[in-house]
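Below is one structure, written out as structure tokens, with a few remarks after it.
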Number of protein chains: 2
Amino acid sequence: MPLPREYTGEDCAIARALEIIGERWTLLIVRDAFHGVARFSDFRDHLAIPRAVLTERLNLLVEHGIMSRVTAGSGRDEYVLTPKGQELWSTVWSLQSWGAKYYVPENRRRAYIHTGCGGAVALDGRCETCDAQPRPGDLTMLPRPTVSPVIAAKTDPVSRALSVPHRLLTPIERTHT
Amino acid sequence: MPLPREYTGEDCAIARALEIIGERWTLLIVRDAFHGVARFSDFRDHLAIPRAVLTERLNLLVEHGIMSRVTAGSGRDEYVLTPKGQELWSTVWSLQSWGAKYYVPENRRRAYIHTGCGGAVALDGRCETCDAQPRPGDLTMLPRPTVSPVIAAKTDPVSRALSVPHRLLTPIERTHT
DNA sequence: ATTAGAGGTTCAATCATTGAACTTGCAAGG
DNA sequence: CCTTGCAAGTTCAATGATTGAACCTCTAAT
């Protein structure tokens with residue numbers, strides 16, 4: 001199985017998982033997909049990822065049934081998470097929580113609220129109001145309280161769409177350019 | 001911050017996390033550490049990772065306070081997870097669960113039991129008996145029901161130690177060579 | 001018919017990884 | 001004291017992955 005980066009001999013679930021989603025950029029693509037990003041150019045512009053790499057990664061994700069490529073109403077192809085891809089949410093969330101706790105100052109962290117009940121979601125993924133662990137589709141992501149100059153300078157459609165509250169797994173709102 | 005692999009411009013918790021633990025081998029090292037692996041040579045032998053890379057990754061993990069290097073009673077240095085490193089458990093678990101569900105046949109998956117109550121732990125990390133979500137130190141990992149020929153041929157101390165039930169975060173039992 | 005932009009592919013330069021060979025430091029045995 | 005052995009590195013040439021720039025092709029609008 002000539003995957004790009006194998007961990008040969010490791011008959012281990014983590015090694016298997018990392019062979020697929022452990023490559024550079026892949027989990028950032030998946031995260032953006034949770035945020036509603038779907039077009040090739042939007043991934044490209046938001047992540048500043050080389051085209052060739054984005055092509056390769058998206059193809060791999062589609063091959064593995066993590067994303068599927070569908071032709072949208074606009075006639076343009078979009079890449080969306082399959083159920084198997086959506087099951088990566090706990091991985092994405094746990095990485096994000098850990099990274100936020102140790103590397104992002106509190107006033108620059110995004111807050112998430114449980115769309116159903118409006119409660120804040122803690123780092124462990126639990127709604128502080130109703131104690132449920134909402135699925136990604138039931139989360140609304142709020143913009144950061146303060147943004148770094150680097151981010152503030154970004155004007156691509158994705159960055160703009162994510163500067164207002166946004167429900168996960170719903171396509172980003174494309175403000176007219 | 002000239003980390004080996006940056007995701008420049010991404011003021012994002014996941015990007016920060018991946019800069020540190022997203023490199024090839026790093027999460028497998030962390031996983032092995034949860035399993036009680038601590039010596040340079042044991043990581044080396046079990047993962048078949050090039051020495052130079054292992055050196056670099058361990059140094060990075062120590063620099064970031066994810067592991068600490070301590071001199072054991074034997075006089076040999078050991079690398080052990082810090083509390084910050086142990087907080088990566090949910091990431092490791094979620095990756096492992098996802099990888100197991102989709103890429104490891106059921107009869108080759110390792111089972112985990114809640115050491116306190118003896119209940120089986122489901123893919124979502126919950127104890128099926130007491131419904132708690134045990135911390136890694138309260139988990140006992142069982143050997144695989146069946147092993148592939150590749151694994152059966154391994155005779156390094158780590159593979160041998162993990163072929164019997166083993167409590168996480170406790171040093172592996174070193175059977176006399 | 002021309003233009004523009006999306007979504008690629010191709011390619012040379014750079015950077016990371018690999019495996020093998022070499023080095024260092026310690027500890028035990030003779 | 002001298003040697004041997006081993007853990008834990010370091011170094012280095014060959015290989016493989018990533019990057020950024022340039023080019024290509026298709027479609028839709030002017």
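Residue numbering restarts at 1 in every chain; chains get A, B, ... in the order shown in the structure tokens, and ligands count up from 1 in that same order.
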
Within 12 Å of chain C, which residues of chain B show up? Give each one with its shortest atom-to-atom distance in Å (one decimal) and the two atoms involved, counting only C-alpha atoms (C1' of nucleotides), rows by chain then rising residue number, as CSV.
```
residue,atom,partner,partner_atom,distance
B:Pro4,CA,C:DA16,C1',8.9
B:Arg5,CA,C:DA16,C1',9.5
B:Glu23,CA,C:DA16,C1',10.4
B:Arg24,CA,C:DT17,C1',9.4
B:Trp25,CA,C:DT17,C1',11.0
B:Ala48,CA,C:DG19,C1',11.0
B:Ile49,CA,C:DT18,C1',9.1
B:Pro50,CA,C:DT18,C1',6.9
B:Arg51,CA,C:DG19,C1',9.5
B:Ala52,CA,C:DT18,C1',9.4
B:Val53,CA,C:DT17,C1',7.9
B:Leu54,CA,C:DT17,C1',11.3
B:Glu56,CA,C:DT17,C1',11.8
B:Ser74,CA,C:DA27,C1',11.8
B:Gly75,CA,C:DC26,C1',10.0
B:Arg76,CA,C:DC26,C1',10.2
```

DSSP alpha helix (DSSP H) residues within chain B, listed as a count of residues only: 67

Any idea what's packed within 8 Å of stretch 154-156 of chain B, counting only C-alpha atoms (C1' of nucleotides), ignoring anything in its chain fewer than 6 positions away? Could you give it as a ChimeraX atom specification? /B:42,45-46

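Taking only C-alpha atoms (C1' of nucleotides) into account, chain B lies nearest to D:DA7 out of the set D:DA7, D:DC24, D:DA14, D:DA29.
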
Based on only C-alpha atoms, which of the residues in chain B come within 9 Å of chain A? I want them as a PDB file with N, CA and C atoms, in the first residue's frame.
```
ATOM      1  N   ARG B   5       8.460  22.900  10.936  1.00  0.00           N
ATOM      2  CA  ARG B   5       7.426  23.011   9.904  1.00  0.00           C
ATOM      3  C   ARG B   5       6.353  23.960  10.384  1.00  0.00           C
ATOM      4  N   TYR B   7       3.152  26.649   9.980  1.00  0.00           N
ATOM      5  CA  TYR B   7       1.988  27.002   9.186  1.00  0.00           C
ATOM      6  C   TYR B   7       1.853  28.501   9.349  1.00  0.00           C
ATOM      7  N   THR B   8       2.607  29.218   8.585  1.00  0.00           N
ATOM      8  CA  THR B   8       2.711  30.662   8.787  1.00  0.00           C
ATOM      9  C   THR B   8       1.364  31.334   8.577  1.00  0.00           C
ATOM     10  N   GLY B   9       1.131  32.327   9.400  1.00  0.00           N
ATOM     11  CA  GLY B   9      -0.063  33.140   9.218  1.00  0.00           C
ATOM     12  C   GLY B   9      -1.305  32.515   9.809  1.00  0.00           C
ATOM     13  N   GLU B  10      -1.233  31.253  10.166  1.00  0.00           N
ATOM     14  CA  GLU B  10      -2.398  30.614  10.761  1.00  0.00           C
ATOM     15  C   GLU B  10      -2.428  30.901  12.258  1.00  0.00           C
ATOM     16  N   ASP B  11      -3.217  31.876  12.654  1.00  0.00           N
ATOM     17  CA  ASP B  11      -3.350  32.176  14.068  1.00  0.00           C
ATOM     18  C   ASP B  11      -4.424  31.260  14.630  1.00  0.00           C
ATOM     19  N   CYS B  12      -4.087  30.016  14.664  1.00  0.00           N
ATOM     20  CA  CYS B  12      -5.119  29.010  14.894  1.00  0.00           C
ATOM     21  C   CYS B  12      -4.554  27.954  15.813  1.00  0.00           C
ATOM     22  N   ALA B  13      -5.398  27.515  16.727  1.00  0.00           N
ATOM     23  CA  ALA B  13      -4.932  26.577  17.740  1.00  0.00           C
ATOM     24  C   ALA B  13      -4.476  25.256  17.119  1.00  0.00           C
ATOM     25  N   ILE B  14      -5.170  24.806  16.104  1.00  0.00           N
ATOM     26  CA  ILE B  14      -4.778  23.540  15.486  1.00  0.00           C
ATOM     27  C   ILE B  14      -3.438  23.681  14.792  1.00  0.00           C
ATOM     28  N   ALA B  15      -3.253  24.767  14.094  1.00  0.00           N
ATOM     29  CA  ALA B  15      -1.980  24.966  13.413  1.00  0.00           C
ATOM     30  C   ALA B  15      -0.842  24.986  14.428  1.00  0.00           C
ATOM     31  N   ARG B  16      -1.060  25.686  15.552  1.00  0.00           N
ATOM     32  CA  ARG B  16      -0.032  25.718  16.595  1.00  0.00           C
ATOM     33  C   ARG B  16       0.262  24.307  17.088  1.00  0.00           C
ATOM     34  N   ALA B  17      -0.790  23.564  17.375  1.00  0.00           N
ATOM     35  CA  ALA B  17      -0.602  22.206  17.892  1.00  0.00           C
ATOM     36  C   ALA B  17       0.138  21.340  16.877  1.00  0.00           C
ATOM     37  N   LEU B  18      -0.229  21.461  15.625  1.00  0.00           N
ATOM     38  CA  LEU B  18       0.375  20.604  14.613  1.00  0.00           C
ATOM     39  C   LEU B  18       1.826  20.960  14.347  1.00  0.00           C
ATOM     40  N   GLY B  22       2.609  17.598  15.026  1.00  0.00           N
ATOM     41  CA  GLY B  22       2.111  17.146  13.739  1.00  0.00           C
ATOM     42  C   GLY B  22       3.189  16.595  12.825  1.00  0.00           C
ATOM     43  N   GLU B  23       4.414  16.556  13.295  1.00  0.00           N
ATOM     44  CA  GLU B  23       5.466  16.031  12.438  1.00  0.00           C
ATOM     45  C   GLU B  23       5.446  14.514  12.430  1.00  0.00           C
ATOM     46  N   ARG B  24       5.996  13.983  11.383  1.00  0.00           N
ATOM     47  CA  ARG B  24       6.093  12.539  11.256  1.00  0.00           C
ATOM     48  C   ARG B  24       6.723  11.967  12.511  1.00  0.00           C
ATOM     49  N   TRP B  25       6.198  10.879  13.023  1.00  0.00           N
ATOM     50  CA  TRP B  25       6.671  10.109  14.166  1.00  0.00           C
ATOM     51  C   TRP B  25       6.258  10.673  15.527  1.00  0.00           C
ATOM     52  N   LEU B  27       3.586  11.791  17.126  1.00  0.00           N
ATOM     53  CA  LEU B  27       2.460  11.254  17.888  1.00  0.00           C
ATOM     54  C   LEU B  27       2.632   9.777  18.192  1.00  0.00           C
ATOM     55  N   LEU B  28       3.404   9.073  17.370  1.00  0.00           N
ATOM     56  CA  LEU B  28       3.664   7.666  17.690  1.00  0.00           C
ATOM     57  C   LEU B  28       4.589   7.568  18.892  1.00  0.00           C
ATOM     58  N   ARG B  31       2.336   8.271  21.843  1.00  0.00           N
ATOM     59  CA  ARG B  31       1.531   7.076  22.125  1.00  0.00           C
ATOM     60  C   ARG B  31       2.353   6.033  22.871  1.00  0.00           C
ATOM     61  N   HIS B  46      11.201  -0.143  18.888  1.00  0.00           N
ATOM     62  CA  HIS B  46       9.788  -0.432  18.662  1.00  0.00           C
ATOM     63  C   HIS B  46       9.245   0.260  17.425  1.00  0.00           C
ATOM     64  N   LEU B  47       9.670   1.496  17.203  1.00  0.00           N
ATOM     65  CA  LEU B  47       9.120   2.255  16.085  1.00  0.00           C
ATOM     66  C   LEU B  47       9.953   2.129  14.814  1.00  0.00           C
ATOM     67  N   ALA B  48      11.183   1.632  14.935  1.00  0.00           N
ATOM     68  CA  ALA B  48      12.089   1.574  13.785  1.00  0.00           C
ATOM     69  C   ALA B  48      12.249   2.963  13.167  1.00  0.00           C
ATOM     70  N   LYS B  84       1.302  18.194  30.877  1.00  0.00           N
ATOM     71  CA  LYS B  84       0.929  18.774  29.577  1.00  0.00           C
ATOM     72  C   LYS B  84       0.913  17.712  28.484  1.00  0.00           C
ATOM     73  N   GLU B  87      -2.070  15.461  28.669  1.00  0.00           N
ATOM     74  CA  GLU B  87      -3.312  16.052  28.161  1.00  0.00           C
ATOM     75  C   GLU B  87      -3.504  15.781  26.676  1.00  0.00           C
ATOM     76  N   LEU B  88      -2.522  15.181  26.062  1.00  0.00           N
ATOM     77  CA  LEU B  88      -2.701  14.772  24.663  1.00  0.00           C
ATOM     78  C   LEU B  88      -3.447  13.449  24.547  1.00  0.00           C
ATOM     79  N   TRP B  89      -3.832  12.890  25.703  1.00  0.00           N
ATOM     80  CA  TRP B  89      -4.485  11.590  25.635  1.00  0.00           C
ATOM     81  C   TRP B  89      -5.742  11.598  24.773  1.00  0.00           C
ATOM     82  N   SER B  90      -6.541  12.624  24.908  1.00  0.00           N
ATOM     83  CA  SER B  90      -7.801  12.608  24.149  1.00  0.00           C
ATOM     84  C   SER B  90      -7.508  12.654  22.650  1.00  0.00           C
ATOM     85  N   THR B  91      -6.448  13.346  22.268  1.00  0.00           N
ATOM     86  CA  THR B  91      -6.062  13.361  20.857  1.00  0.00           C
ATOM     87  C   THR B  91      -5.608  11.974  20.416  1.00  0.00           C
ATOM     88  N   VAL B  92      -4.755  11.371  21.197  1.00  0.00           N
ATOM     89  CA  VAL B  92      -4.260  10.038  20.868  1.00  0.00           C
ATOM     90  C   VAL B  92      -5.414   9.045  20.804  1.00  0.00           C
ATOM     91  N   TRP B  93      -6.291   9.123  21.790  1.00  0.00           N
ATOM     92  CA  TRP B  93      -7.408   8.188  21.828  1.00  0.00           C
ATOM     93  C   TRP B  93      -8.333   8.354  20.621  1.00  0.00           C
ATOM     94  N   SER B  94      -8.623   9.598  20.282  1.00  0.00           N
ATOM     95  CA  SER B  94      -9.582   9.813  19.196  1.00  0.00           C
ATOM     96  C   SER B  94      -8.995   9.375  17.860  1.00  0.00           C
ATOM     97  N   LEU B  95      -7.715   9.621  17.664  1.00  0.00           N
ATOM     98  CA  LEU B  95      -7.068   9.154  16.436  1.00  0.00           C
ATOM     99  C   LEU B  95      -7.087   7.638  16.379  1.00  0.00           C
ATOM    100  N   GLN B  96      -6.768   7.050  17.505  1.00  0.00           N
ATOM    101  CA  GLN B  96      -6.707   5.602  17.579  1.00  0.00           C
ATOM    102  C   GLN B  96      -8.073   4.979  17.328  1.00  0.00           C
ATOM    103  N   SER B  97      -9.103   5.573  17.910  1.00  0.00           N
ATOM    104  CA  SER B  97     -10.448   5.029  17.739  1.00  0.00           C
ATOM    105  C   SER B  97     -10.878   5.113  16.277  1.00  0.00           C
ATOM    106  N   TRP B  98     -10.603   6.258  15.684  1.00  0.00           N
ATOM    107  CA  TRP B  98     -10.992   6.445  14.281  1.00  0.00           C
ATOM    108  C   TRP B  98     -10.220   5.480  13.392  1.00  0.00           C
ATOM    109  N   GLY B  99      -8.931   5.389  13.613  1.00  0.00           N
ATOM    110  CA  GLY B  99      -8.110   4.472  12.829  1.00  0.00           C
ATOM    111  C   GLY B  99      -8.539   3.027  13.009  1.00  0.00           C
ATOM    112  N   ALA B 100      -8.879   2.652  14.242  1.00  0.00           N
ATOM    113  CA  ALA B 100      -9.300   1.282  14.502  1.00  0.00           C
ATOM    114  C   ALA B 100     -10.616   0.987  13.796  1.00  0.00           C
ATOM    115  N   LYS B 101     -11.556   1.907  13.923  1.00  0.00           N
ATOM    116  CA  LYS B 101     -12.878   1.691  13.345  1.00  0.00           C
ATOM    117  C   LYS B 101     -12.798   1.437  11.845  1.00  0.00           C
ATOM    118  N   TYR B 102     -11.933   2.186  11.157  1.00  0.00           N
ATOM    119  CA  TYR B 102     -11.938   2.105   9.705  1.00  0.00           C
ATOM    120  C   TYR B 102     -10.810   1.280   9.106  1.00  0.00           C
ATOM    121  N   TYR B 103      -9.773   1.002   9.866  1.00  0.00           N
ATOM    122  CA  TYR B 103      -8.625   0.359   9.236  1.00  0.00           C
ATOM    123  C   TYR B 103      -8.067  -0.858   9.965  1.00  0.00           C
ATOM    124  N   VAL B 104      -8.628  -1.200  11.122  1.00  0.00           N
ATOM    125  CA  VAL B 104      -8.130  -2.383  11.813  1.00  0.00           C
ATOM    126  C   VAL B 104      -9.283  -3.359  12.018  1.00  0.00           C
ATOM    127  N   ARG B 108      -8.305  -7.759  15.501  1.00  0.00           N
ATOM    128  CA  ARG B 108      -6.923  -7.332  15.725  1.00  0.00           C
ATOM    129  C   ARG B 108      -6.821  -6.044  16.526  1.00  0.00           C
ATOM    130  N   ARG B 109      -7.970  -5.604  17.032  1.00  0.00           N
ATOM    131  CA  ARG B 109      -7.913  -4.366  17.826  1.00  0.00           C
ATOM    132  C   ARG B 109      -7.569  -4.679  19.267  1.00  0.00           C
ATOM    133  N   ARG B 110      -6.793  -3.802  19.847  1.00  0.00           N
ATOM    134  CA  ARG B 110      -6.530  -3.904  21.274  1.00  0.00           C
ATOM    135  C   ARG B 110      -7.756  -3.458  22.048  1.00  0.00           C
ATOM    136  N   VAL B 147      -2.775 -11.644  16.263  1.00  0.00           N
ATOM    137  CA  VAL B 147      -1.736 -10.732  15.795  1.00  0.00           C
ATOM    138  C   VAL B 147      -1.318 -11.110  14.377  1.00  0.00           C
ATOM    139  N   SER B 148      -0.967 -10.100  13.620  1.00  0.00           N
ATOM    140  CA  SER B 148      -0.498 -10.353  12.264  1.00  0.00           C
ATOM    141  C   SER B 148       0.897 -10.966  12.338  1.00  0.00           C
ATOM    142  N   VAL B 150       3.532 -10.080  10.904  1.00  0.00           N
ATOM    143  CA  VAL B 150       4.534  -9.017  11.041  1.00  0.00           C
ATOM    144  C   VAL B 150       4.807  -8.722  12.507  1.00  0.00           C
ATOM    145  N   ILE B 151       3.708  -8.617  13.277  1.00  0.00           N
ATOM    146  CA  ILE B 151       3.853  -8.268  14.683  1.00  0.00           C
ATOM    147  C   ILE B 151       4.392  -9.454  15.481  1.00  0.00           C
TER     148      ILE B 151
END
```
